[in-house]
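Engineer: There's a structure below that I have some questions on.
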2 protein chains.
Amino acid sequence: MRLAELSERSGVPTATIKYYLRERLLPPGERITATQAEYGEEHLRRLRLVRSLIQVGRMPVATAREVLAAAEDESLSQNTRMGAAVWALPHGPEPDEDDPHAARAREQADTVLRRMGWSYGQELGDTSPAYRMLVAAIASLDRLGYPHDTEHLLVHARLAGELAVADLDLVETYDTPPEQVEAVVALTVLYEPVLLSLRRLAQTEESGRRFKE
Amino acid sequence: MRLAELSERSGVPTATIKYYLRERLLPPGERITATQAEYGEEHLRRLRLVRSLIQVGRMPVATAREVLAAAEDESLSQNTRMGAAVWALPHGPEPDEDDPHAARAREQADTVLRRMGWSYGQELGDTSPAYRMLVAAIASLDRLGYPHDTEHLLVHARLAGELAVADLDLVETYDTPPEQVEAVVALTVLYEPVLLSLRRLAQTEESGRRFKE
DNA sequence: TTCCATTGGAGAGTGGCACTATCTAAGAGC
DNA sequence: GCTCTTAGATAGTGCCACTCTCCAATGGAA
């Protein structure tokens, strides 16, 4: 398959594919001659994953590159690779080091992780983007004066845990390790809007129930 | 309070506040003289809300304006206003009308709403951004060949329902209707990163448990 | 074999968007 | 009276995901 066909089958313009190749989001095709390269099914899969990360996950190109690099780093174990890929996924601004809100948020995040018994989160701590994202989010709530008591956070954590179980069940339906790593990244990103939209619909529903006329 | 103080207390540069005023994200201050205006606590609150929507919620300025307009539309009932504000919250690309993936996704979304007994979502249908976001998300899963059976979606919907109950409990701790409307918007947006980060942490944890070495 | 469309590659250009800098006239405040 | 700040308008700026334009080398049809 050459570039034009890859473009047609993926729906991504050739100019954009060239851009992704240049940015190393897509491995180069196998060079057939000096001016032609051949792409395979794995390029198509990868291209779709890249589009998911960038368009659905609204991820900057540079970050997508890091996530993909972690996902295919042969020097890591299967598990580490999955973890690395998922927690390289980012969102929103980083917490400010010397902000009192962030300091308090950090403590509260630690409490939540401890009470959930989530040891990875605790060990990885600040190195994990997901952890920093949690801290930044709690700090925002604090800064804006919105409630964020630990019990309420634990409700979210417990539900997140249930989601993770369901998601990993899906991942296990994939056979080969590389497919599983890709699947966990893709499913994490692609189910985020599903979850958020359902939550908003549920809120509309619930507020209708409570505040009806 | 004048512009300089509003800027200092909110941490937002004066130039940016002027920009928000120009874009009607912030109501103008009360004109004292030809060249001075006075801002109150409600301007500060509103400014913080705007920042939440734009920076945490990554919302385009134009969309934030619509959400805020819905939130303060006096012609709507309290409940409608809350609903309007929450479902004006957007995320990601819109579904394509004549895409077979989107058509199938639409059916599946309807099934989920029906099985959950969420009548608002059904009635509002395509007019609701949250609904369109759900359809677009399911369509993406379908297009990329990832699993999205109804049972799995219902797991997410059920958990989203539980979250909504907890969130609305928080909203009810606010006394006045305008505060409640603002709170539901702010909490919806500000808890999204909390939820997403916890989900990612939970996934790392769960994948560690399942795929350990 | 000839000739034209296509390819991979590289560099520059574009458009959108959230700011941000500059400027000006009219007060405010000492 | 004299300096400093303010509101308001206009024009940039910086970032970033593309997208356009070229070019030389080829592949494939006639």
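Residue numbering restarts at 1 in every chain; chains get A, B, ... in the order shown in the structure tokens, and ligands count up from 1 in that same order.
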Check chain B with DSSP on the backbone and list each residue it calls helix (DSSP H, G or I), as a ChimeraX atom specification.

Structural biologist: /B:3-10,14-22,41-56,61-71,78-88,100-116,119-127,129-143,150-171,177-210

Engineer: Within 12 Å of chain A, which residues of chain D are there when counting only C-alpha atoms (C1' of nucleotides)? Please give them as a CSV table (one decimal) with C-alpha atoms (C1' of nucleotides), in the first residue's frame.

Structural biologist:
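See result.csv below for the written result:
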chain,number,residue,atom,x,y,z
D,15,DC,C1',1.6,28.7,19.2
D,16,DC,C1',0.3,24.8,16.6
D,17,DA,C1',-1.8,21.7,13.5
D,18,DC,C1',-1.9,21.3,9.5
D,19,DT,C1',-1.4,22.5,4.2
D,20,DC,C1',0.9,24.3,0.1
D,21,DT,C1',4.6,24.4,-3.1
D,24,DA,C1',14.0,15.3,-8.5
D,25,DA,C1',13.3,10.5,-9.2
D,26,DT,C1',10.3,7.2,-10.9
D,27,DG,C1',6.5,4.2,-12.5

Engineer: Near chain A, meaning an atom within 9 Å, which residues of chain C appear when counting only C-alpha atoms (C1' of nucleotides)? Write them as JSON, numbers by chain.

Structural biologist: {"C": [7, 8, 9]}

Engineer: Distance cut-off 7 Å, counting only C-alpha atoms - which residues of chain B neighbour chain A? Return them as an MDAnalysis selection string.

Structural biologist: chainID B and resid 48 56 79 83 86:87 92 118 120:121 130:131 133:134 137 141 144 156:157 159:161 164:165 168 190 193:195 197:208 211:213

Engineer: Between CA of Glu41 (chain B) and CA of Thr150 (chain A), measure the distance and give it in Å to one decimal.

Structural biologist: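 A separation of 28.2 Å between them.
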
Engineer: Excluding DC2 (chain D) and its own-chain neighbours fewer than 2 positions away, which residues fall within 12 Å of it when counting only C-alpha atoms (C1' of nucleotides)? Please give them as a PyMOL selection string.

Structural biologist: (chain C and resi 28-30) or (chain D and resi 4)

Engineer: Restricted to C-alpha atoms (C1' of nucleotides), what would the selected residues look like written as a PDB file, in the first residue's frame?

Structural biologist:
ATOM      1  C1'  DA C  28      -8.843  60.672  39.284  1.00  0.00           C
ATOM      2  C1'  DG C  29      -6.062  62.021  43.011  1.00  0.00           C
ATOM      3  C1'  DC C  30      -2.492  64.330  45.335  1.00  0.00           C
TER       4       DC C  30
ATOM      5  C1'  DC D   4      -1.045  58.345  36.898  1.00  0.00           C
TER       6       DC D   4
END

Engineer: Quick one: of A:Glu38, A:Val181, A:Asp149, A:Ile17, who's nearest to Thr111 (chain A), counting only C-alpha atoms?

Structural biologist: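 Of the candidates, the smallest distance to Thr111 (chain A) is held by A:Asp149.
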
Engineer: Would you mind listing what lies within 8 Å of Arg81 (chain B) as a PDB file with N, CA and C atoms, in the first residue's frame, with only C-alpha atoms (C1' of nucleotides) counted and same-chain residues fewer than 5 positions away left out?

Structural biologist:
ATOM      1  N   ALA B  70     -26.803  30.768  28.616  1.00  0.00           N
ATOM      2  CA  ALA B  70     -27.865  29.842  29.011  1.00  0.00           C
ATOM      3  C   ALA B  70     -28.048  29.857  30.526  1.00  0.00           C
ATOM      4  N   ALA B  71     -26.925  29.950  31.241  1.00  0.00           N
ATOM      5  CA  ALA B  71     -26.971  29.883  32.698  1.00  0.00           C
ATOM      6  C   ALA B  71     -27.698  31.074  33.312  1.00  0.00           C
ATOM      7  N   GLU B  72     -27.707  32.184  32.607  1.00  0.00           N
ATOM      8  CA  GLU B  72     -28.301  33.368  33.220  1.00  0.00           C
ATOM      9  C   GLU B  72     -29.521  33.871  32.449  1.00  0.00           C
ATOM     10  N   ASP B  73     -30.013  33.020  31.559  1.00  0.00           N
ATOM     11  CA  ASP B  73     -31.189  33.419  30.792  1.00  0.00           C
ATOM     12  C   ASP B  73     -32.413  33.451  31.705  1.00  0.00           C
ATOM     13  N   LEU B  76     -35.768  31.412  31.273  1.00  0.00           N
ATOM     14  CA  LEU B  76     -35.882  29.971  31.490  1.00  0.00           C
ATOM     15  C   LEU B  76     -36.150  29.670  32.957  1.00  0.00           C
ATOM     16  N   VAL B 181     -26.957  27.301  39.802  1.00  0.00           N
ATOM     17  CA  VAL B 181     -26.703  27.162  38.362  1.00  0.00           C
ATOM     18  C   VAL B 181     -25.207  27.263  38.084  1.00  0.00           C
TER      19      VAL B 181
END

Engineer: Using the chain letters and numbers from this document, which residues of region 25-189 of chain B does DSSP assign to strand (DSSP E), as a ChimeraX atom specification?

Structural biologist: /B:30-31,37-38

Engineer: List the spatial neighbours of Arg65 (chain B) as a list in words - criterion: any atom at most 9 Å away, only C-alpha atoms (C1' of nucleotides), same-chain residues fewer than 3 positions off excluded.

Structural biologist: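 In the requested format, the answer is Glu23, Arg24, Leu25, Leu26, Val50, Pro60, Val61, Ala62, Leu68, Ala69 and Ala70 of chain B.
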
Engineer: Counting only C-alpha atoms (C1' of nucleotides), which of B:Met59, B:Val67, B:Ala103, B:Thr127 gets nearest to DC17 (chain C)?

Structural biologist: B:Met59

Engineer: Would you compute the distance between CA of Met1 (chain B) and CA of Leu21 (chain B)? Give it in Å to one decimal.

Structural biologist: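 According to the coordinates, CA of Met1 (chain B) and CA of Leu21 (chain B) are separated by 15.4 Å.
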
Engineer: Which distance in Å separates CA of Arg114 (chain B) and CA of Ala102 (chain B), to one decimal?

Structural biologist: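 Answer for the CA of Arg114 (chain B) to CA of Ala102 (chain B) separation: 18.0 Å.
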